[in-house]
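A.B. asks: My file is start.txt. It has compact mmCIF, N, CA and C atoms:
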```
# COMPACT_ATOMS: atom_id res chain seq x y z
N MET C 978 61.55 101.62 90.78
CA MET C 978 61.78 101.53 89.35
C MET C 978 61.44 100.10 88.89
N ARG C 979 60.81 100.03 87.74
CA ARG C 979 60.43 98.73 87.22
C ARG C 979 61.66 97.97 86.71
N LYS C 980 61.49 96.67 86.53
CA LYS C 980 62.58 95.80 86.12
C LYS C 980 63.19 96.24 84.78
N GLU C 981 62.34 96.69 83.87
CA GLU C 981 62.84 97.11 82.55
C GLU C 981 63.68 98.38 82.64
N GLN C 982 63.60 99.09 83.75
CA GLN C 982 64.30 100.36 83.89
C GLN C 982 65.61 100.21 84.66
N ARG C 983 66.07 99.00 84.88
CA ARG C 983 67.30 98.78 85.63
C ARG C 983 68.42 98.30 84.72
N ILE C 984 69.61 98.72 85.03
CA ILE C 984 70.81 98.20 84.37
C ILE C 984 71.44 97.25 85.38
N LYS C 985 71.55 95.99 85.02
CA LYS C 985 72.08 94.98 85.94
C LYS C 985 73.32 94.27 85.41
N LYS C 986 73.39 94.07 84.11
CA LYS C 986 74.47 93.27 83.54
C LYS C 986 75.75 94.07 83.41
N ASN C 987 76.86 93.37 83.62
CA ASN C 987 78.17 93.99 83.55
C ASN C 987 78.43 94.60 82.17
N GLU C 988 77.97 93.93 81.10
CA GLU C 988 78.19 94.45 79.75
C GLU C 988 77.45 95.78 79.55
N GLU C 989 76.27 95.90 80.16
CA GLU C 989 75.51 97.14 80.03
C GLU C 989 76.20 98.29 80.78
N PHE C 990 76.72 97.99 81.97
CA PHE C 990 77.48 99.00 82.70
C PHE C 990 78.71 99.41 81.90
N SER C 991 79.43 98.43 81.36
CA SER C 991 80.65 98.72 80.59
C SER C 991 80.35 99.58 79.38
N ALA C 992 79.23 99.31 78.72
CA ALA C 992 78.86 100.11 77.54
C ALA C 992 78.65 101.57 77.93
N VAL C 993 77.98 101.80 79.04
CA VAL C 993 77.73 103.18 79.49
C VAL C 993 79.05 103.84 79.89
N PHE C 994 79.92 103.11 80.59
CA PHE C 994 81.21 103.67 81.01
C PHE C 994 82.09 103.99 79.81
N ASN C 995 82.13 103.10 78.83
CA ASN C 995 83.05 103.26 77.70
C ASN C 995 82.54 104.22 76.63
N HIS C 996 81.23 104.27 76.41
CA HIS C 996 80.70 105.07 75.30
C HIS C 996 79.91 106.30 75.75
N GLY C 997 79.56 106.36 77.03
CA GLY C 997 78.80 107.50 77.53
C GLY C 997 79.71 108.64 77.95
N ARG C 998 79.07 109.70 78.40
CA ARG C 998 79.84 110.83 78.93
C ARG C 998 79.56 110.95 80.42
N SER C 999 80.47 111.57 81.13
CA SER C 999 80.32 111.63 82.58
C SER C 999 80.45 113.06 83.08
N VAL C 1000 79.72 113.32 84.16
CA VAL C 1000 79.84 114.57 84.90
C VAL C 1000 79.87 114.20 86.38
N ALA C 1001 80.46 115.06 87.17
CA ALA C 1001 80.62 114.70 88.57
C ALA C 1001 80.61 115.94 89.46
N ASN C 1002 80.28 115.69 90.72
CA ASN C 1002 80.51 116.66 91.78
C ASN C 1002 81.15 115.88 92.93
N ARG C 1003 81.20 116.44 94.10
CA ARG C 1003 81.89 115.75 95.19
C ARG C 1003 81.17 114.49 95.67
N GLN C 1004 79.87 114.43 95.46
CA GLN C 1004 79.09 113.31 95.99
C GLN C 1004 78.79 112.22 94.96
N PHE C 1005 78.62 112.59 93.69
CA PHE C 1005 78.17 111.63 92.69
C PHE C 1005 78.95 111.78 91.39
N VAL C 1006 79.02 110.66 90.65
CA VAL C 1006 79.46 110.66 89.26
C VAL C 1006 78.28 110.13 88.47
N LEU C 1007 77.88 110.85 87.41
CA LEU C 1007 76.76 110.43 86.58
C LEU C 1007 77.27 110.17 85.17
N TYR C 1008 77.07 108.93 84.71
CA TYR C 1008 77.38 108.55 83.34
C TYR C 1008 76.08 108.51 82.56
N VAL C 1009 76.10 109.05 81.35
CA VAL C 1009 74.89 109.14 80.53
C VAL C 1009 75.22 108.63 79.13
N LEU C 1010 74.33 107.76 78.61
CA LEU C 1010 74.50 107.22 77.26
C LEU C 1010 73.15 107.22 76.56
N LYS C 1011 73.09 107.86 75.39
CA LYS C 1011 71.84 107.89 74.62
C LYS C 1011 71.67 106.56 73.92
N LYS C 1012 70.44 106.02 74.02
CA LYS C 1012 70.11 104.74 73.38
C LYS C 1012 68.92 104.98 72.45
N GLU C 1013 69.16 105.00 71.16
CA GLU C 1013 68.12 105.30 70.18
C GLU C 1013 67.02 104.24 70.15
N ASP C 1014 67.37 103.00 70.45
CA ASP C 1014 66.42 101.90 70.28
C ASP C 1014 65.55 101.63 71.50
N GLN C 1015 65.68 102.41 72.57
CA GLN C 1015 64.84 102.17 73.74
C GLN C 1015 63.96 103.39 74.01
N GLU C 1016 62.79 103.11 74.59
CA GLU C 1016 61.79 104.16 74.77
C GLU C 1016 61.87 104.85 76.12
N GLN C 1017 62.38 104.16 77.14
CA GLN C 1017 62.39 104.73 78.48
C GLN C 1017 63.80 104.73 79.06
N LEU C 1018 63.97 105.52 80.10
CA LEU C 1018 65.28 105.59 80.73
C LEU C 1018 65.56 104.33 81.54
N ARG C 1019 66.84 104.05 81.71
CA ARG C 1019 67.27 102.94 82.57
C ARG C 1019 68.32 103.46 83.53
N LEU C 1020 68.34 102.89 84.73
CA LEU C 1020 69.21 103.38 85.79
C LEU C 1020 70.07 102.24 86.34
N GLY C 1021 71.34 102.52 86.48
CA GLY C 1021 72.27 101.60 87.13
C GLY C 1021 72.92 102.31 88.29
N LEU C 1022 73.14 101.58 89.39
CA LEU C 1022 73.71 102.17 90.59
C LEU C 1022 74.98 101.44 90.99
N SER C 1023 75.93 102.20 91.49
CA SER C 1023 77.17 101.62 91.98
C SER C 1023 77.56 102.34 93.27
N VAL C 1024 77.60 101.57 94.36
CA VAL C 1024 78.02 102.11 95.64
C VAL C 1024 79.07 101.17 96.21
N SER C 1025 80.28 101.65 96.33
CA SER C 1025 81.41 100.84 96.76
C SER C 1025 81.35 100.50 98.24
N LYS C 1026 82.02 99.43 98.62
CA LYS C 1026 82.10 99.06 100.03
C LYS C 1026 82.88 100.11 100.84
N LYS C 1027 83.65 100.92 100.15
CA LYS C 1027 84.38 101.99 100.83
C LYS C 1027 83.45 103.05 101.40
N VAL C 1028 82.25 103.15 100.83
CA VAL C 1028 81.28 104.16 101.28
C VAL C 1028 80.71 103.80 102.64
N GLY C 1029 80.48 102.52 102.89
CA GLY C 1029 79.93 102.11 104.18
C GLY C 1029 79.52 100.64 104.16
N ASN C 1030 78.91 100.22 105.25
CA ASN C 1030 78.46 98.83 105.33
C ASN C 1030 77.20 98.64 104.48
N ALA C 1031 76.66 97.42 104.48
CA ALA C 1031 75.53 97.09 103.61
C ALA C 1031 74.31 97.96 103.90
N VAL C 1032 74.07 98.27 105.16
CA VAL C 1032 72.92 99.10 105.53
C VAL C 1032 73.05 100.48 104.92
N VAL C 1033 74.22 101.06 105.01
CA VAL C 1033 74.47 102.41 104.47
C VAL C 1033 74.37 102.39 102.95
N ARG C 1034 74.98 101.39 102.31
CA ARG C 1034 74.95 101.30 100.84
C ARG C 1034 73.52 101.14 100.33
N ASN C 1035 72.74 100.30 100.98
CA ASN C 1035 71.36 100.10 100.55
C ASN C 1035 70.52 101.36 100.74
N ARG C 1036 70.77 102.10 101.82
CA ARG C 1036 70.06 103.36 102.04
C ARG C 1036 70.39 104.36 100.94
N ILE C 1037 71.65 104.43 100.56
CA ILE C 1037 72.08 105.34 99.50
C ILE C 1037 71.40 104.97 98.18
N LYS C 1038 71.38 103.69 97.85
CA LYS C 1038 70.74 103.25 96.61
C LYS C 1038 69.24 103.55 96.62
N ARG C 1039 68.61 103.34 97.76
CA ARG C 1039 67.18 103.62 97.89
C ARG C 1039 66.90 105.11 97.67
N LEU C 1040 67.73 105.96 98.25
CA LEU C 1040 67.54 107.41 98.09
C LEU C 1040 67.77 107.85 96.64
N ILE C 1041 68.76 107.28 95.99
CA ILE C 1041 69.02 107.62 94.58
C ILE C 1041 67.82 107.22 93.72
N ARG C 1042 67.30 106.01 93.94
CA ARG C 1042 66.13 105.56 93.19
C ARG C 1042 64.94 106.48 93.42
N THR C 1043 64.75 106.93 94.66
CA THR C 1043 63.64 107.83 94.98
C THR C 1043 63.77 109.14 94.21
N VAL C 1044 64.95 109.72 94.18
CA VAL C 1044 65.16 110.97 93.45
C VAL C 1044 64.89 110.77 91.96
N PHE C 1045 65.36 109.66 91.39
CA PHE C 1045 65.13 109.40 89.98
C PHE C 1045 63.64 109.19 89.69
N GLN C 1046 62.93 108.54 90.59
CA GLN C 1046 61.49 108.36 90.38
C GLN C 1046 60.76 109.69 90.41
N GLU C 1047 61.16 110.57 91.31
CA GLU C 1047 60.54 111.89 91.38
C GLU C 1047 60.84 112.73 90.14
N LYS C 1048 62.03 112.60 89.61
CA LYS C 1048 62.45 113.42 88.47
C LYS C 1048 62.24 112.72 87.13
N GLN C 1049 61.64 111.56 87.14
CA GLN C 1049 61.49 110.76 85.93
C GLN C 1049 60.78 111.52 84.81
N GLU C 1050 59.79 112.31 85.15
CA GLU C 1050 59.05 113.07 84.14
C GLU C 1050 59.92 114.15 83.50
N LEU C 1051 60.90 114.63 84.22
CA LEU C 1051 61.75 115.72 83.72
C LEU C 1051 62.99 115.21 82.98
N LEU C 1052 63.36 113.95 83.21
CA LEU C 1052 64.56 113.41 82.58
C LEU C 1052 64.28 112.97 81.16
N LEU C 1053 65.30 113.08 80.33
CA LEU C 1053 65.15 112.67 78.94
C LEU C 1053 65.01 111.17 78.85
N PRO C 1054 64.01 110.67 78.12
CA PRO C 1054 63.88 109.22 77.96
C PRO C 1054 64.92 108.71 76.95
N ALA C 1055 64.98 107.42 76.76
CA ALA C 1055 65.90 106.80 75.81
C ALA C 1055 67.36 107.03 76.19
N TYR C 1056 67.63 107.13 77.48
CA TYR C 1056 68.99 107.26 77.96
C TYR C 1056 69.25 106.20 79.02
N ASP C 1057 70.50 105.77 79.11
CA ASP C 1057 70.96 104.95 80.22
C ASP C 1057 71.73 105.86 81.17
N TYR C 1058 71.40 105.76 82.46
CA TYR C 1058 72.06 106.55 83.49
C TYR C 1058 72.74 105.60 84.46
N VAL C 1059 74.00 105.86 84.78
CA VAL C 1059 74.70 105.11 85.82
C VAL C 1059 75.18 106.13 86.85
N VAL C 1060 74.79 105.91 88.10
CA VAL C 1060 75.17 106.81 89.19
C VAL C 1060 76.17 106.07 90.08
N ILE C 1061 77.30 106.70 90.31
CA ILE C 1061 78.29 106.19 91.25
C ILE C 1061 78.29 107.12 92.45
N ALA C 1062 78.02 106.54 93.62
CA ALA C 1062 78.00 107.34 94.85
C ALA C 1062 79.39 107.37 95.46
N ARG C 1063 79.81 108.54 95.89
CA ARG C 1063 81.10 108.69 96.55
C ARG C 1063 80.93 108.72 98.06
N LYS C 1064 82.03 108.71 98.78
CA LYS C 1064 82.01 108.58 100.23
C LYS C 1064 81.16 109.61 100.98
N PRO C 1065 81.16 110.89 100.59
CA PRO C 1065 80.36 111.86 101.36
C PRO C 1065 78.86 111.57 101.40
N THR C 1066 78.36 110.73 100.50
CA THR C 1066 76.92 110.45 100.48
C THR C 1066 76.47 109.69 101.72
N ALA C 1067 77.36 109.04 102.41
CA ALA C 1067 76.99 108.26 103.59
C ALA C 1067 76.39 109.13 104.69
N ASP C 1068 76.77 110.39 104.75
CA ASP C 1068 76.32 111.27 105.82
C ASP C 1068 75.26 112.28 105.37
N MET C 1069 74.72 112.11 104.18
CA MET C 1069 73.77 113.09 103.64
C MET C 1069 72.33 112.72 103.97
N ASN C 1070 71.49 113.75 104.13
CA ASN C 1070 70.06 113.50 104.29
C ASN C 1070 69.40 113.59 102.92
N TYR C 1071 68.07 113.39 102.88
CA TYR C 1071 67.37 113.33 101.60
C TYR C 1071 67.46 114.64 100.82
N LEU C 1072 67.30 115.76 101.47
CA LEU C 1072 67.34 117.04 100.77
C LEU C 1072 68.71 117.29 100.14
N GLU C 1073 69.76 116.92 100.85
CA GLU C 1073 71.11 117.05 100.29
C GLU C 1073 71.28 116.12 99.08
N PHE C 1074 70.76 114.90 99.18
CA PHE C 1074 70.78 113.96 98.05
C PHE C 1074 70.11 114.58 96.84
N HIS C 1075 68.90 115.07 97.08
CA HIS C 1075 68.09 115.62 95.99
C HIS C 1075 68.82 116.77 95.30
N SER C 1076 69.32 117.71 96.07
CA SER C 1076 69.97 118.87 95.46
C SER C 1076 71.28 118.49 94.76
N SER C 1077 72.03 117.56 95.33
CA SER C 1077 73.29 117.15 94.73
C SER C 1077 73.06 116.39 93.42
N LEU C 1078 72.10 115.48 93.41
CA LEU C 1078 71.79 114.75 92.17
C LEU C 1078 71.21 115.69 91.12
N ALA C 1079 70.37 116.63 91.53
CA ALA C 1079 69.81 117.60 90.60
C ALA C 1079 70.93 118.44 89.97
N HIS C 1080 71.93 118.78 90.77
CA HIS C 1080 73.07 119.55 90.27
C HIS C 1080 73.82 118.77 89.20
N VAL C 1081 74.06 117.49 89.45
CA VAL C 1081 74.79 116.66 88.49
C VAL C 1081 73.96 116.47 87.22
N MET C 1082 72.66 116.29 87.36
CA MET C 1082 71.80 116.14 86.19
C MET C 1082 71.78 117.41 85.35
N LYS C 1083 71.76 118.55 86.03
CA LYS C 1083 71.78 119.83 85.32
C LYS C 1083 73.10 119.99 84.57
N LYS C 1084 74.21 119.63 85.21
CA LYS C 1084 75.52 119.70 84.55
C LYS C 1084 75.58 118.80 83.32
N ALA C 1085 74.91 117.64 83.41
CA ALA C 1085 74.91 116.69 82.29
C ALA C 1085 73.96 117.11 81.18
N GLY C 1086 73.03 118.01 81.50
CA GLY C 1086 72.09 118.49 80.50
C GLY C 1086 71.06 117.45 80.11
N VAL C 1087 70.63 116.62 81.05
CA VAL C 1087 69.70 115.54 80.73
C VAL C 1087 68.28 115.80 81.18
N SER C 1088 68.02 116.93 81.82
CA SER C 1088 66.65 117.20 82.25
C SER C 1088 65.98 118.11 81.24
N ARG C 1089 64.71 117.85 81.01
CA ARG C 1089 63.93 118.66 80.08
C ARG C 1089 63.69 120.03 80.67
N ARG C 1090 63.60 120.99 79.81
CA ARG C 1090 63.31 122.34 80.26
C ARG C 1090 61.80 122.49 80.39
N ILE C 1091 61.36 122.97 81.52
CA ILE C 1091 59.95 123.23 81.69
C ILE C 1091 59.75 124.73 81.53
N SER C 1092 58.90 125.08 80.60
CA SER C 1092 58.68 126.50 80.36
C SER C 1092 57.88 127.07 81.53
N GLN C 1093 58.41 128.12 82.06
CA GLN C 1093 57.74 128.79 83.19
C GLN C 1093 57.23 130.12 82.70
N THR C 1094 55.95 130.31 82.88
CA THR C 1094 55.37 131.58 82.47
C THR C 1094 55.25 132.47 83.70
N THR C 1095 55.66 133.65 83.55
CA THR C 1095 55.55 134.58 84.68
C THR C 1095 54.49 135.63 84.35
N THR C 1096 53.72 135.92 85.31
CA THR C 1096 52.70 136.95 85.14
C THR C 1096 53.11 138.17 85.93
N ARG C 1097 53.04 139.28 85.28
CA ARG C 1097 53.40 140.54 85.95
C ARG C 1097 52.15 141.37 86.12
N LYS C 1098 52.08 142.02 87.24
CA LYS C 1098 50.93 142.89 87.50
C LYS C 1098 51.35 144.32 87.53
```
Could you quickly redo this structure as structure tokens?
C.D. replies:
Amino acid sequence: MRKEQRIKKNEEFSAVFNHGRSVANRQFVLYVLKKEDQEQLRLGLSVSKKVGNAVVRNRIKRLIRTVFQEKQELLLPAYDYVVIARKPTADMNYLEFHSSLAHVMKKAGVSRRISQTTTRK
């Protein structure tokens, strides 16, 4: 993710926590805040020391960024997203990450609908 697409400052995190809405499952909490004045999505990550050591936390953040990059075309722009990883994420592989984050995004209603045409014979 490019520098403009990151949430780094404490005030920005606080704004998303205080004014955004949240959805969660066992592995992730996703906070979402619509920002009318920005053109692209921004992502903030939070992985507590309770989840694991630095190697584990960095791996989790890397996997979350990868999923967001893959789904960037489907996600609504002009939103700030903050993902909080919970303890079970330490033992997950990439496919589990992908499906769990997709589930939370679907619950939050932030992914665009892609029209699927079916052909019948």
A.B. asks: Need to verify the contact set: Val1028 in chain C, 8 Å, only C-alpha atoms, exclusion of same-chain residues closer than 2 positions in sequence. Can you return it as an MDAnalysis selection string?
C.D. replies: chainID C and resid 1024:1026 1030 1033:1034 1062:1067
A.B. asks: Can you tell me, as a count of residues only, which residues sit within 6 Å of (75.2, 105.9, 84.6) in the file's frame, using only N, CA and C atoms?
C.D. replies: 8
A.B. asks: Excluding same-chain residues fewer than 3 positions from Val1081 in chain C, what lies within 6.5 Å of it counting all atoms listed in the file, as a VMD selection string?
C.D. replies: chain C and resid 1000 to 1002 1076 to 1078 1084 to 1086
A.B. asks: Would you output that residue set with N, CA and C atoms, as a PDB file, in the frame of the given file?
C.D. replies:
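Just written: out-v1.pdb:
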```pdb
ATOM      1  N   VAL C1000      79.720 113.320  84.160  1.00  0.00           N
ATOM      2  CA  VAL C1000      79.840 114.570  84.900  1.00  0.00           C
ATOM      3  C   VAL C1000      79.870 114.200  86.380  1.00  0.00           C
ATOM      4  N   ALA C1001      80.460 115.060  87.170  1.00  0.00           N
ATOM      5  CA  ALA C1001      80.620 114.700  88.570  1.00  0.00           C
ATOM      6  C   ALA C1001      80.610 115.940  89.460  1.00  0.00           C
ATOM      7  N   ASN C1002      80.280 115.690  90.720  1.00  0.00           N
ATOM      8  CA  ASN C1002      80.510 116.660  91.780  1.00  0.00           C
ATOM      9  C   ASN C1002      81.150 115.880  92.930  1.00  0.00           C
ATOM     10  N   SER C1076      69.320 117.710  96.070  1.00  0.00           N
ATOM     11  CA  SER C1076      69.970 118.870  95.460  1.00  0.00           C
ATOM     12  C   SER C1076      71.280 118.490  94.760  1.00  0.00           C
ATOM     13  N   SER C1077      72.030 117.560  95.330  1.00  0.00           N
ATOM     14  CA  SER C1077      73.290 117.150  94.730  1.00  0.00           C
ATOM     15  C   SER C1077      73.060 116.390  93.420  1.00  0.00           C
ATOM     16  N   LEU C1078      72.100 115.480  93.410  1.00  0.00           N
ATOM     17  CA  LEU C1078      71.790 114.750  92.170  1.00  0.00           C
ATOM     18  C   LEU C1078      71.210 115.690  91.120  1.00  0.00           C
ATOM     19  N   LYS C1084      74.210 119.630  85.210  1.00  0.00           N
ATOM     20  CA  LYS C1084      75.520 119.700  84.550  1.00  0.00           C
ATOM     21  C   LYS C1084      75.580 118.800  83.320  1.00  0.00           C
ATOM     22  N   ALA C1085      74.910 117.640  83.410  1.00  0.00           N
ATOM     23  CA  ALA C1085      74.910 116.690  82.290  1.00  0.00           C
ATOM     24  C   ALA C1085      73.960 117.110  81.180  1.00  0.00           C
ATOM     25  N   GLY C1086      73.030 118.010  81.500  1.00  0.00           N
ATOM     26  CA  GLY C1086      72.090 118.490  80.500  1.00  0.00           C
ATOM     27  C   GLY C1086      71.060 117.450  80.110  1.00  0.00           C
TER      28      GLY C1086
END
```
A.B. asks: Taking only N, CA and C atoms into account, name the residue in C:His1075, C:His1080, C:Arg983, C:Arg1036 that is nearest to Arg1019 in chain C.
C.D. replies: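 Ranked by minimum distance to Arg1019 in chain C, first place goes to C:Arg983.
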A.B. asks: Hey, which of C:Arg1003, C:Glu988, C:Lys1012, C:His996 ends up closest to Ala1055 in chain C? Count only N, CA and C atoms.
C.D. replies: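 Closest residue, counting only N, CA and C atoms: C:Lys1012.
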A.B. asks: Set the distance at 8 Å and use all atoms listed in the file: which residues neighbour Glu981 in chain C once local chain neighbours fewer than 5 positions away are removed? I'd like the list as a PyMOL selection string.
C.D. replies: chain C and resi 1017-1020
A.B. asks: How many Å lie between atom N of Leu1052 in chain C and atom N of Lys1083 in chain C, rounded to one decimal?
C.D. replies: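 Straight-line distance from atom N of Leu1052 in chain C to atom N of Lys1083 in chain C works out to 10.0 Å.
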A.B. asks: Could you jot down the CA of Arg998 in chain C to CA of Ala1031 in chain C separation for me, Å, one decimal place?
C.D. replies: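 Computing it gives 28.6 Å between the two atoms.
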A.B. asks: Can you check which residues of range 979-1097 of chain C DSSP gives as strand (DSSP E or B) on the backbone and send them as a PyMOL selection string?
C.D. replies: chain C and resi 983+998-1001+1005-1011+1019-1024+1052+1056-1062+1088
A.B. asks: Report the distance between CA of Phe1045 in chain C and CA of Lys1027 in chain C in Å, rounded to one decimal place.
C.D. replies: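 Distance reported for this atom pair: 23.3 Å.
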A.B. asks: Can you list, as a ChimeraX atom specification, all residues belonging to range 1009-1042 of chain C that DSSP tags as alpha helix (DSSP H)?
C.D. replies: /C:1031-1042
A.B. asks: With only C-alpha atoms as the atoms that count, which of C:Lys1038, C:Val1044, C:Phe990, C:Gln1015 lies nearest to Met1082 in chain C?
C.D. replies: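 So, comparing all the options, the nearest one is C:Val1044.
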A.B. asks: When distances are computed from only C-alpha atoms, which of C:Ser1023, C:Glu1013, C:Arg1042, C:Gly997 shows the smallest separation from Lys985 in chain C?
C.D. replies: C:Ser1023
